[in-house]
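This is model35.txt (compact mmCIF, C-alpha atoms).
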```txt
# COMPACT_ATOMS: atom_id res chain seq x y z
CA MET Q 1 -187.65 -112.99 43.83
CA THR Q 2 -189.19 -115.55 46.19
CA THR Q 3 -191.56 -118.33 45.12
CA LYS Q 4 -194.40 -116.57 46.93
CA GLN Q 5 -193.75 -113.31 45.06
CA THR Q 6 -193.66 -115.14 41.74
CA PHE Q 7 -196.93 -116.91 42.55
CA THR Q 8 -198.58 -113.62 43.56
CA GLN Q 9 -197.44 -111.87 40.41
CA SER Q 10 -198.63 -114.74 38.21
CA TRP Q 11 -202.09 -114.65 39.74
CA TRP Q 12 -202.22 -110.87 39.44
CA PHE Q 13 -201.26 -111.15 35.77
CA LEU Q 14 -203.96 -113.76 35.14
CA ALA Q 15 -206.56 -111.70 36.99
CA THR Q 16 -205.57 -108.65 34.99
CA GLY Q 17 -205.96 -110.58 31.74
CA PHE Q 18 -209.38 -111.83 32.84
CA PHE Q 19 -210.48 -108.27 33.62
CA TYR Q 20 -209.18 -107.00 30.26
CA THR Q 21 -211.15 -109.79 28.55
CA ILE Q 22 -214.40 -108.79 30.25
CA VAL Q 23 -213.89 -105.13 29.35
CA ILE Q 24 -213.01 -105.68 25.67
CA PHE Q 25 -215.93 -108.05 25.09
CA ALA Q 26 -218.25 -105.59 26.84
CA ARG Q 27 -217.10 -102.92 24.40
CA ASP Q 28 -217.48 -105.18 21.38
CA TRP Q 29 -220.67 -107.01 22.34
CA LYS Q 30 -223.03 -105.15 20.02
CA ALA Q 31 -220.65 -105.61 17.09
CA ILE Q 32 -219.51 -109.17 17.72
CA ASN Q 33 -221.79 -110.65 15.02
CA ARG Q 34 -220.88 -108.04 12.42
CA ILE Q 35 -217.87 -107.38 10.22
CA GLY Q 36 -216.62 -103.84 9.67
CA ALA Q 37 -216.35 -102.55 6.12
CA ASP Q 38 -212.75 -101.45 6.62
CA THR Q 39 -210.89 -103.80 6.08
CA GLY Q 40 -213.97 -105.94 5.83
CA TYR Q 41 -214.01 -109.62 5.06
CA THR Q 42 -211.11 -109.63 2.58
CA TYR Q 43 -208.53 -111.50 4.64
CA VAL Q 44 -210.75 -114.46 5.53
CA PRO Q 45 -211.68 -115.70 2.01
CA ASP Q 46 -208.00 -115.45 1.11
CA ALA Q 47 -207.17 -117.62 4.13
CA VAL Q 48 -209.86 -120.14 3.14
CA ARG Q 49 -208.77 -120.42 -0.51
CA GLU Q 50 -204.99 -120.16 -0.28
CA ASN Q 51 -202.09 -121.68 1.62
CA LEU Q 52 -200.02 -120.03 4.36
CA TRP Q 53 -198.05 -117.98 1.83
CA VAL Q 54 -201.09 -115.70 1.75
CA LEU Q 55 -199.70 -114.23 4.98
CA PHE Q 56 -197.29 -112.29 2.78
CA LYS Q 57 -199.93 -111.08 0.32
CA PRO Q 58 -200.10 -107.27 0.56
CA PHE Q 59 -203.43 -105.59 1.21
CA PRO Q 60 -203.82 -103.25 -0.48
CA GLU Q 61 -200.12 -102.40 -0.68
CA TYR Q 62 -198.24 -103.14 2.52
CA PHE Q 63 -197.53 -106.48 4.07
CA GLU Q 64 -200.12 -106.85 6.84
CA ILE Q 65 -199.17 -110.12 8.46
CA SER Q 66 -201.03 -109.49 11.73
CA GLY Q 67 -204.48 -109.32 10.18
CA ARG Q 68 -203.79 -112.21 7.83
CA ALA Q 69 -202.47 -114.41 10.65
CA ALA Q 70 -205.68 -113.76 12.61
CA ALA Q 71 -207.70 -114.63 9.50
CA GLU Q 72 -206.02 -118.04 9.37
CA ILE Q 73 -207.59 -118.84 12.74
CA VAL Q 74 -210.99 -117.48 11.68
CA ALA Q 75 -210.90 -119.59 8.51
CA ILE Q 76 -210.99 -122.76 10.61
CA PHE Q 77 -214.61 -122.03 11.57
CA PRO Q 78 -217.72 -122.40 9.38
CA ILE Q 79 -218.52 -119.24 7.42
CA ARG Q 80 -221.70 -118.67 9.43
CA TYR Q 81 -219.55 -117.95 12.51
CA HIS Q 82 -216.78 -115.97 10.82
CA ALA Q 83 -217.91 -112.64 12.28
CA ILE Q 84 -218.10 -113.98 15.84
CA ALA Q 85 -214.79 -115.84 15.42
CA SER Q 86 -213.13 -112.76 13.92
CA SER Q 87 -214.25 -110.46 16.73
CA THR Q 88 -213.27 -113.03 19.36
CA VAL Q 89 -209.80 -113.61 17.93
CA VAL Q 90 -209.17 -109.87 17.59
CA ASN Q 91 -210.41 -109.20 21.13
CA PHE Q 92 -208.03 -111.78 22.57
CA ILE Q 93 -205.17 -110.24 20.59
CA TRP Q 94 -205.99 -106.87 22.13
CA VAL Q 95 -206.00 -108.51 25.58
CA ALA Q 96 -202.60 -110.08 24.86
CA LEU Q 97 -201.23 -106.71 23.76
CA GLY Q 98 -202.67 -105.07 26.86
CA LEU Q 99 -200.88 -107.65 28.98
CA PHE Q 100 -197.73 -107.08 26.94
CA ILE Q 101 -197.87 -103.37 27.80
CA CYS Q 102 -198.59 -104.29 31.42
CA ALA Q 103 -195.46 -106.46 31.55
CA MET Q 104 -193.30 -103.76 29.96
CA ILE Q 105 -194.44 -101.02 32.34
CA PHE Q 106 -194.09 -103.35 35.33
CA GLN Q 107 -190.38 -103.60 34.59
CA GLU Q 108 -190.15 -99.83 34.99
CA THR Q 109 -192.49 -99.27 37.92
CA LYS Q 110 -192.51 -102.61 39.80
CA SER Q 111 -196.10 -101.68 40.59
CA GLN Q 112 -198.88 -104.12 39.74
CA VAL Q 113 -201.54 -101.41 39.94
CA VAL Q 114 -199.72 -98.92 37.72
CA SER Q 115 -198.72 -101.51 35.13
CA SER Q 116 -202.25 -102.95 35.00
CA LEU Q 117 -203.66 -99.46 34.46
CA ALA Q 118 -201.15 -98.90 31.66
CA GLY Q 119 -202.31 -102.04 29.87
CA LEU Q 120 -205.93 -101.11 30.48
CA VAL Q 121 -205.37 -97.87 28.57
CA LEU Q 122 -205.19 -99.84 25.33
CA ILE Q 123 -208.29 -101.88 26.17
CA VAL Q 124 -210.47 -98.83 26.92
CA ALA Q 125 -208.95 -96.43 24.35
CA PRO Q 126 -211.96 -94.21 23.50
CA HIS Q 127 -211.04 -93.70 19.84
CA ALA Q 128 -210.96 -97.45 19.25
CA ASN Q 129 -214.78 -97.58 19.41
CA GLU Q 130 -215.31 -96.12 15.95
CA SER Q 131 -213.80 -98.84 13.76
CA SER Q 132 -210.98 -100.66 15.58
CA ILE Q 133 -212.64 -102.87 18.20
CA GLY Q 134 -212.99 -106.44 16.98
CA ASN Q 135 -211.84 -105.43 13.49
CA ILE Q 136 -209.38 -107.87 11.96
CA GLY Q 137 -207.88 -105.21 9.70
CA MET Q 138 -206.98 -102.89 12.59
CA ILE Q 139 -204.75 -105.15 14.67
CA LYS Q 140 -201.66 -103.35 13.41
CA PHE Q 141 -202.50 -100.17 15.36
CA PRO Q 142 -202.65 -101.59 18.92
CA LEU Q 143 -199.70 -103.75 17.90
CA THR Q 144 -197.70 -100.64 17.03
CA ALA Q 145 -198.70 -99.00 20.31
CA ALA Q 146 -197.52 -102.03 22.30
CA VAL Q 147 -194.14 -102.13 20.58
CA ALA Q 148 -193.70 -98.38 20.99
CA VAL Q 149 -194.22 -98.72 24.76
CA ALA Q 150 -191.67 -101.55 24.93
CA PHE Q 151 -189.09 -99.47 23.04
CA CYS Q 152 -189.41 -96.76 25.71
CA SER Q 153 -188.50 -99.07 28.59
CA ARG Q 154 -184.82 -99.69 29.24
CA SER Q 155 -185.66 -102.32 31.87
CA ALA Q 156 -188.10 -104.18 29.59
CA ILE Q 157 -185.55 -104.32 26.76
CA ILE Q 158 -183.04 -105.91 29.09
CA LYS Q 159 -185.61 -108.33 30.53
CA TYR Q 160 -187.57 -109.34 27.39
CA PRO Q 161 -185.42 -108.66 24.29
CA LYS Q 162 -186.58 -111.74 22.36
CA LEU Q 163 -190.27 -111.23 23.09
CA ILE Q 164 -190.08 -107.57 22.08
CA ALA Q 165 -188.17 -108.50 18.91
CA VAL Q 166 -190.87 -111.02 17.88
CA VAL Q 167 -193.71 -108.56 18.47
CA ALA Q 168 -191.74 -105.84 16.66
CA LEU Q 169 -191.18 -108.17 13.71
CA ILE Q 170 -194.92 -108.81 13.40
CA ALA Q 171 -195.66 -105.09 13.75
CA GLY Q 172 -193.03 -104.15 11.17
CA LEU Q 173 -194.46 -106.63 8.68
CA SER Q 174 -197.93 -105.18 9.30
CA GLN Q 175 -197.21 -101.54 8.45
CA PRO Q 176 -194.09 -99.39 7.81
CA ILE Q 177 -195.04 -96.78 10.41
CA LEU Q 178 -193.23 -98.78 13.10
CA LEU Q 179 -190.02 -97.01 12.04
CA VAL Q 180 -190.88 -93.81 13.92
CA THR Q 181 -191.18 -95.69 17.21
CA SER Q 182 -187.45 -96.42 17.14
CA LEU Q 183 -186.40 -92.93 18.30
CA PRO Q 184 -186.03 -94.00 21.98
CA LEU Q 185 -183.89 -96.93 20.80
CA LEU Q 186 -181.50 -94.53 19.06
CA TRP Q 187 -181.11 -92.62 22.33
CA LEU Q 188 -180.57 -95.80 24.34
CA LEU Q 189 -177.88 -96.80 21.87
CA ARG Q 190 -175.72 -94.12 23.53
CA SER Q 191 -175.74 -96.08 26.80
CA HIS Q 192 -172.47 -97.26 28.34
CA ASP Q 193 -174.18 -100.56 29.18
CA ARG Q 194 -172.81 -103.02 26.63
CA GLU Q 195 -175.59 -105.56 27.23
CA LEU Q 196 -178.27 -102.93 26.67
CA ARG Q 197 -176.59 -101.64 23.51
CA GLY Q 198 -176.44 -105.12 22.04
CA LYS Q 199 -180.14 -105.73 22.63
CA VAL Q 200 -181.05 -102.30 21.30
CA LEU Q 201 -179.04 -102.96 18.14
CA SER Q 202 -180.94 -106.21 17.62
CA LEU Q 203 -184.26 -104.39 17.92
CA LEU Q 204 -183.10 -101.67 15.52
CA PHE Q 205 -182.14 -104.38 13.06
CA VAL Q 206 -185.71 -105.73 13.23
CA VAL Q 207 -187.27 -102.28 12.83
CA PHE Q 208 -185.12 -101.13 9.90
CA GLY Q 209 -185.14 -104.58 8.32
CA THR Q 210 -188.93 -104.74 8.21
CA PHE Q 211 -189.10 -101.15 6.98
CA ILE Q 212 -186.77 -101.99 4.10
CA ILE Q 213 -188.95 -104.99 3.23
CA GLN Q 214 -192.02 -102.75 3.14
CA VAL Q 215 -190.21 -100.13 1.05
CA LEU Q 216 -189.06 -102.74 -1.46
CA LYS Q 217 -192.70 -103.74 -1.86
CA VAL Q 218 -194.44 -100.36 -2.11
CA GLY Q 219 -191.66 -97.84 -2.73
CA LEU Q 220 -190.25 -95.19 -0.41
CA SER Q 221 -192.81 -92.49 -1.22
CA THR Q 222 -195.82 -94.72 -0.48
CA ALA Q 223 -194.17 -96.14 2.63
CA ILE Q 224 -193.72 -92.62 4.02
CA LYS Q 225 -196.79 -90.82 2.74
CA GLY Q 226 -199.31 -93.64 2.43
CA ARG Q 227 -202.20 -93.42 0.00
CA SER Q 228 -202.69 -89.66 0.15
CA GLY Q 229 -205.49 -89.75 -2.40
CA SER Q 230 -207.79 -91.69 -0.07
CA SER Q 231 -207.18 -89.74 3.14
CA VAL Q 232 -208.87 -86.65 4.57
CA LYS Q 233 -206.37 -84.10 5.86
CA SER Q 234 -208.50 -80.99 6.25
CA LEU Q 235 -210.73 -80.08 9.17
CA TRP Q 236 -214.44 -79.93 8.41
CA PRO Q 237 -217.29 -77.95 10.00
CA GLY Q 238 -218.92 -79.63 12.98
CA MET Q 239 -216.17 -82.21 13.46
CA GLY Q 240 -216.87 -82.63 17.13
CA LEU Q 241 -214.69 -83.37 20.14
CA PHE Q 242 -214.03 -86.98 19.11
CA TRP Q 243 -212.09 -85.94 16.02
CA TYR Q 244 -210.46 -82.81 17.43
CA SER Q 245 -209.17 -84.71 20.46
CA GLY Q 246 -207.88 -87.56 18.30
CA ILE Q 247 -205.89 -85.17 16.11
CA PHE Q 248 -204.52 -82.69 18.64
CA PHE Q 249 -204.58 -84.15 22.16
CA PRO Q 250 -201.65 -86.63 21.95
CA THR Q 251 -199.21 -84.06 20.58
CA LEU Q 252 -200.33 -81.20 22.82
CA PHE Q 253 -200.30 -83.42 25.89
CA ALA Q 254 -196.80 -84.70 25.10
CA LEU Q 255 -195.56 -81.12 24.71
CA LEU Q 256 -197.15 -80.25 28.05
CA ILE Q 257 -195.38 -83.16 29.71
CA PHE Q 258 -192.06 -82.05 28.16
CA THR Q 259 -192.56 -78.60 29.66
CA ILE Q 260 -193.50 -79.89 33.11
CA ASN Q 261 -190.58 -82.31 33.08
CA THR Q 262 -188.18 -79.35 33.12
CA VAL Q 263 -189.65 -77.91 36.32
CA LYS Q 264 -188.31 -78.73 39.78
CA PRO Q 265 -188.96 -81.13 41.46
CA ILE Q 266 -190.61 -83.00 38.56
CA ARG Q 267 -187.33 -82.81 36.67
CA PHE Q 268 -185.75 -85.26 39.09
CA SER Q 269 -188.74 -87.60 39.41
CA LYS Q 270 -188.45 -91.36 38.97
CA PHE Q 271 -190.11 -91.77 35.57
CA ASN Q 272 -188.80 -88.61 33.95
CA GLN Q 273 -186.84 -90.39 31.22
CA ILE Q 274 -189.52 -92.84 30.15
CA ARG Q 275 -191.99 -89.95 29.98
CA TYR Q 276 -189.65 -88.20 27.57
CA PHE Q 277 -189.42 -91.37 25.49
CA LEU Q 278 -193.17 -91.88 25.46
CA GLY Q 279 -193.71 -88.22 24.59
CA VAL Q 280 -191.30 -88.35 21.67
CA SER Q 281 -192.92 -91.53 20.36
CA THR Q 282 -196.38 -90.02 20.84
CA ILE Q 283 -195.54 -87.00 18.70
CA ALA Q 284 -193.70 -89.09 16.10
CA LEU Q 285 -196.66 -91.46 15.77
CA ALA Q 286 -199.25 -88.68 15.73
CA VAL Q 287 -197.46 -86.78 12.96
CA SER Q 288 -196.62 -89.83 10.85
CA CYS Q 289 -200.15 -91.24 11.27
CA PHE Q 290 -201.59 -87.95 10.03
CA ILE Q 291 -199.23 -87.93 7.04
CA MET Q 292 -200.12 -91.51 6.15
CA GLY Q 293 -203.80 -91.70 7.02
CA GLY Q 294 -205.03 -88.17 7.59
CA ILE Q 295 -207.94 -87.67 9.97
CA ALA Q 296 -208.93 -91.27 10.65
CA ASP Q 297 -209.94 -92.74 14.01
CA ARG Q 298 -207.85 -95.89 13.63
CA TYR Q 299 -204.72 -93.74 13.41
CA PHE Q 300 -205.57 -92.11 16.76
CA VAL Q 301 -205.32 -95.34 18.77
CA ALA Q 302 -201.53 -95.70 19.05
CA PRO Q 303 -200.53 -92.06 19.84
CA MET Q 304 -203.48 -91.70 22.22
CA THR Q 305 -202.49 -94.87 24.08
CA LEU Q 306 -198.92 -93.67 24.52
CA ALA Q 307 -200.08 -90.24 25.69
CA TRP Q 308 -202.38 -91.73 28.35
CA ILE Q 309 -199.67 -94.06 29.64
CA CYS Q 310 -197.32 -91.08 29.82
CA GLY Q 311 -200.02 -89.31 31.85
CA ILE Q 312 -200.32 -92.23 34.26
CA LEU Q 313 -196.57 -92.23 34.92
CA PHE Q 314 -196.64 -88.47 35.43
CA LEU Q 315 -199.50 -88.85 37.90
CA VAL Q 316 -197.53 -91.46 39.87
CA ASP Q 317 -194.56 -89.13 40.19
CA PHE Q 318 -196.74 -86.11 40.93
CA VAL Q 319 -198.66 -87.69 43.82
CA ASP Q 320 -195.42 -89.11 45.20
CA ILE Q 321 -193.95 -85.60 45.35
CA PHE Q 322 -197.08 -83.73 46.44
CA LYS Q 323 -198.43 -86.18 48.99
CA LYS Q 324 -200.74 -83.67 50.69
CA ILE Q 325 -203.00 -83.44 47.65
CA ARG Q 326 -202.61 -87.06 46.57
CA LYS Q 327 -206.25 -88.10 46.98
CA PHE Q 328 -207.58 -84.94 45.37
CA THR Q 329 -205.21 -85.27 42.37
CA ILE Q 330 -206.06 -88.94 41.81
CA ALA Q 331 -209.79 -88.18 42.03
CA ILE Q 332 -209.53 -85.38 39.46
CA ALA Q 333 -207.44 -87.51 37.10
CA PHE Q 334 -209.89 -90.41 37.46
CA VAL Q 335 -212.88 -88.25 36.56
CA ILE Q 336 -211.11 -86.66 33.59
CA ALA Q 337 -210.15 -90.09 32.23
CA LEU Q 338 -213.51 -91.70 32.99
CA VAL Q 339 -215.63 -89.24 30.97
CA PRO Q 340 -214.28 -90.10 27.48
CA VAL Q 341 -213.96 -93.79 28.36
CA VAL Q 342 -217.62 -94.03 29.35
CA HIS Q 343 -218.86 -91.80 26.52
CA TRP Q 344 -217.02 -93.75 23.82
CA PHE Q 345 -217.00 -97.16 25.47
CA GLN Q 346 -219.19 -99.34 23.29
CA ALA Q 347 -218.49 -100.02 19.63
CA GLY Q 348 -219.79 -97.19 17.46
CA TRP Q 349 -222.24 -97.11 14.57
CA PHE Q 350 -219.58 -98.03 12.01
CA LEU Q 351 -219.23 -101.44 13.62
CA THR Q 352 -222.81 -102.01 14.82
CA SER Q 353 -225.02 -100.86 11.95
CA GLY Q 354 -226.32 -103.10 9.20
CA PRO Q 355 -227.53 -106.71 9.32
CA THR Q 356 -225.84 -109.39 11.40
CA TRP Q 357 -223.39 -111.67 9.65
CA THR Q 358 -225.29 -114.85 10.47
CA SER Q 359 -228.46 -113.42 8.90
CA GLN Q 360 -226.47 -112.61 5.76
CA VAL Q 361 -225.10 -116.14 5.54
CA ASP Q 362 -228.60 -117.59 6.04
CA ARG Q 363 -229.89 -115.37 3.23
CA ALA Q 364 -227.01 -116.39 0.99
CA ALA Q 365 -227.62 -120.08 1.73
CA LYS Q 366 -231.13 -119.84 0.28
CA PHE Q 367 -229.78 -118.22 -2.88
CA CYS Q 368 -226.93 -120.71 -3.23
CA SER Q 369 -229.24 -123.70 -2.87
CA GLU Q 370 -230.76 -122.63 -6.19
CA HIS Q 371 -227.57 -121.26 -7.80
CA PRO Q 372 -224.73 -123.48 -6.51
CA ASN Q 373 -222.18 -122.31 -9.09
CA SER Q 374 -222.67 -118.59 -8.45
CA GLU Q 375 -221.12 -115.94 -6.24
CA VAL Q 376 -223.14 -114.11 -3.63
CA GLU Q 377 -222.75 -110.76 -1.87
CA LEU Q 378 -222.59 -110.62 1.92
CA LEU Q 379 -223.21 -107.17 3.38
CA VAL Q 380 -220.78 -105.75 5.96
CA SER Q 381 -221.26 -102.91 8.43
CA PRO Q 382 -222.06 -100.09 7.85
CA TRP Q 383 -221.99 -100.38 4.07
CA GLY Q 384 -220.23 -102.41 1.42
CA TYR Q 385 -220.16 -106.08 0.71
CA SER Q 386 -217.90 -109.06 0.16
CA GLU Q 387 -218.34 -111.59 -2.61
CA VAL Q 388 -217.95 -115.28 -1.78
CA HIS Q 389 -218.43 -118.43 -3.80
CA CYS Q 390 -221.55 -120.42 -3.09
CA TRP Q 391 -219.51 -123.51 -2.27
CA GLN Q 392 -218.19 -121.65 0.78
CA VAL Q 393 -221.71 -120.86 1.91
CA VAL Q 394 -223.12 -124.31 1.25
CA ASP Q 395 -220.24 -125.92 3.15
CA ARG Q 396 -220.70 -123.59 6.10
```
As structure tokens:
Amino acid sequence: MTTKQTFTQSWWFLATGFFYTIVIFARDWKAINRIGADTGYTYVPDAVRENLWVLFKPFPEYFEISGRAAAEIVAIFPIRYHAIASSTVVNFIWVALGLFICAMIFQETKSQVVSSLAGLVLIVAPHANESSIGNIGMIKFPLTAAVAVAFCSRSAIIKYPKLIAVVALIAGLSQPILLVTSLPLLWLLRSHDRELRGKVLSLLFVVFGTFIIQVLKVGLSTAIKGRSGSSVKSLWPGMGLFWYSGIFFPTLFALLIFTINTVKPIRFSKFNQIRYFLGVSTIALAVSCFIMGGIADRYFVAPMTLAWICGILFLVDFVDIFKKIRKFTIAIAFVIALVPVVHWFQAGWFLTSGPTWTSQVDRAAKFCSEHPNSEVELLVSPWGYSEVHCWQVVDR
């Protein structure tokens, strides 16, 4: 690669990151001064009170190092700005993960446009608007999606084995569900390429190692099934398209892609294998997410992201084969994708209802000025509260 090509790619990468940043903050703007009730404010007081070993404090059961690491940054700021700091830190993490996906897909496609669109899928994921955007407790889901994409790319594994291993380590220590994303790695282990096999083995060591750590903490049954008592696993009347699409679309779409992949000339298209990998990971994540979390919007983010990226790669191959209807196909695909993105773009009521965080801290400050040795409740959106000591509020 020439110096000019490297320079062009670097600027494209920076421009892509800047665009992702604008989009994610536009989605989160109405919620940026609020804290979601799930997971709520729990991580931040722990980060304020305790040392760095709190990173390995389970909440409520699993190790969730991603959220706790973000909380360490938030804890640097005065409590009055914890909501804004939390949303900002989480948004930048999403941007970083979007760029991570962009880099992985670029290794497969060598297309700046296609890879940027793949990363953008995570940033505009419609089902993230309900409770995931800007939420410090939900970082593990986009993190899992990013690692799953990397595991599907043979070229990315060869190019960025250490980077992928680090991100996989963080994801594995954030939730045990990462295990199901290793299916493409098991297939790649059959490769005759000794270099690839060695790097795949290293990644499998990270995945299974972190899973064992999680199992030793919570037990095998909980690691596989999650907290079944707190999840909803039955459909309810009037669910609406948001919930139906989150549950069924990723799996059905992956099965559709599998079927189309067997048809000539799609069967011999350029991205056939990675589509299979993405489809397998999509179904594995969708099923395991349902087993662990039931019908919950945060569990839709990872399988939906993989399914959309799989669709983008299918579209690239399709328009390359059927050039006469290229413009028409792209236009139809654009409209189909744009409708849910626009409809579920901004943060939903779960993240935007209730009082702002700064108003809560101001209210608490008045109480604490008269009761300095007390604890005070700070409301979080859309319901619930977090208790903090008055010394934290007074020293804000």
Considering all atoms listed in the file, give me a table of residues in range 155-180 of chain Q that are at most 9 Å from range 141-144 of chain Q, with the closest atom pair and distance in Å for each, as CSV.
```
residue,atom,partner,partner_atom,distance
Q:Val167,CA,Q:Leu143,CA,7.7
Q:Ala168,CA,Q:Thr144,CA,7.9
Q:Ile170,CA,Q:Leu143,CA,8.3
Q:Ala171,CA,Q:Thr144,CA,5.9
Q:Gly172,CA,Q:Thr144,CA,8.3
Q:Ser174,CA,Q:Leu143,CA,8.9
Q:Gln175,CA,Q:Thr144,CA,8.6
Q:Ile177,CA,Q:Thr144,CA,8.1
Q:Leu178,CA,Q:Thr144,CA,6.2
```
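Using all atoms listed in the file, the contacts of Thr210 in chain Q at a cut-off of 8 Å, with sequence neighbours closer than 6 positions omitted, comprise Leu169, Gly172, Leu173 and Pro176 of chain Q.
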Write a file of the just-selected residues containing C-alpha atoms, as a compact mmCIF listing (two decimals), keeping the file's coordinate frame.
```txt
# COMPACT_ATOMS: atom_id res chain seq x y z
CA LEU Q 169 -191.18 -108.17 13.71
CA GLY Q 172 -193.03 -104.15 11.17
CA LEU Q 173 -194.46 -106.63 8.68
CA PRO Q 176 -194.09 -99.39 7.81
```
Pick out the closest residue to Phe258 in chain Q from this set: Q:Tyr276, Q:Trp349, Q:Tyr160, Q:Phe151. Count all atoms listed in the file.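 Residue with the minimum atom-to-atom distance to Phe258 in chain Q: Q:Tyr276.
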Shortest interatomic distance to Gly246 in chain Q - which of Q:Ala302, Q:Leu201, Q:Val48, Q:Cys368, counting only C-alpha atoms: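 Between Q:Ala302, Q:Leu201, Q:Val48, Q:Cys368, the residue approaching Gly246 in chain Q most closely is Q:Ala302.
Nearest to Trp308 in chain Q of all the residues Q:Val166, Q:Ile295, Q:Ala333, Q:Leu185 is Q:Ala333, based on all atoms listed in the file.
Nearest-residue note for Val114 in chain Q: choosing from Q:Tyr62, Q:Phe367, Q:Phe314, Q:Phe290, the minimum distance belongs to Q:Phe314, counting all atoms listed in the file.
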Correct to one decimal, the distance CA of His82 in chain Q-CA of Ala365 in chain Q is 14.7 Å
Check the smallest atom-to-atom distance from each of Q:Leu204, Q:Ile32, Q:Phe7, Q:Glu61 to Val218 in chain Q using all atoms listed in the file, then report the winner.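 Closest to Val218 in chain Q of all the choices is Q:Glu61.
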Using all atoms listed in the file, collect all residues at a distance of at most 10 Å from (-211.7, -102.7, 30.6) as written in the file, then present them as a PyMOL selection string. chain Q and resi 16-27+95+117+119-125+341+345
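Pairwise distance (CA of Gly137 in chain Q, CA of Ala85 in chain Q) equals 13.9 Å.
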Would you pick out the contacts of Gly67 in chain Q at 10 Å or less, using only C-alpha atoms, so that residues sharing its chain but fewer than 5 positions from it are not included, and give the list as a PDB file with C-alpha atoms, keeping the file's coordinate frame?
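result04.pdb written:
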```
ATOM      1  CA  THR Q  39    -210.890-103.800   6.080  1.00  0.00           C
ATOM      2  CA  TYR Q  43    -208.530-111.500   4.640  1.00  0.00           C
ATOM      3  CA  VAL Q  44    -210.750-114.460   5.530  1.00  0.00           C
ATOM      4  CA  LEU Q  55    -199.700-114.230   4.980  1.00  0.00           C
ATOM      5  CA  PHE Q  59    -203.430-105.590   1.210  1.00  0.00           C
ATOM      6  CA  GLU Q  72    -206.020-118.040   9.370  1.00  0.00           C
ATOM      7  CA  VAL Q  90    -209.170-109.870  17.590  1.00  0.00           C
ATOM      8  CA  ASN Q 135    -211.840-105.430  13.490  1.00  0.00           C
ATOM      9  CA  ILE Q 136    -209.380-107.870  11.960  1.00  0.00           C
ATOM     10  CA  GLY Q 137    -207.880-105.210   9.700  1.00  0.00           C
ATOM     11  CA  MET Q 138    -206.980-102.890  12.590  1.00  0.00           C
ATOM     12  CA  ILE Q 139    -204.750-105.150  14.670  1.00  0.00           C
ATOM     13  CA  LYS Q 140    -201.660-103.350  13.410  1.00  0.00           C
ATOM     14  CA  SER Q 174    -197.930-105.180   9.300  1.00  0.00           C
TER      15      SER Q 174
END
```
Please give the centre and size of the box around range 82-86 of chain Q (axis-aligned, containing every atom listed in the file, 4 Å added per side), with values in Å to one decimal and written as JSON.
```
{"center_x": -215.6, "center_y": -114.3, "center_z": 13.3, "size_x": 13.0, "size_y": 11.3, "size_z": 13.0}
```
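For the set Q:Lys264, Q:Arg80, Q:His192, Q:Lys323, the residue with the smallest atom-to-atom gap to Val393 in chain Q is Q:Arg80, counting all atoms listed in the file.
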Atom-to-atom span, CA of Thr251 in chain Q and CA of Cys152 in chain Q, Å: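 Going from CA of Thr251 in chain Q over to CA of Cys152 in chain Q, I get 16.8 Å.
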Counting all atoms listed in the file, what is within 8 Å of Gly279 in chain Q, bar same-chain residues fewer than 2 positions away, as a ChimeraX atom specification? /Q:251,254-255,257-258,275-277,281-283,306-307,310
Long-range neighbours of Leu351 in chain Q as a PDB file with C-alpha atoms, in the coordinates of the input, 6 Å cut-off, all atoms listed in the file, 6 positions minimum in chain:
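Output saved as part.pdb:
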```pdb
ATOM      1  CA  ALA Q  31    -220.650-105.610  17.090  1.00  0.00           C
ATOM      2  CA  GLY Q  36    -216.620-103.840   9.670  1.00  0.00           C
ATOM      3  CA  SER Q 381    -221.260-102.910   8.430  1.00  0.00           C
TER       4      SER Q 381
END
```
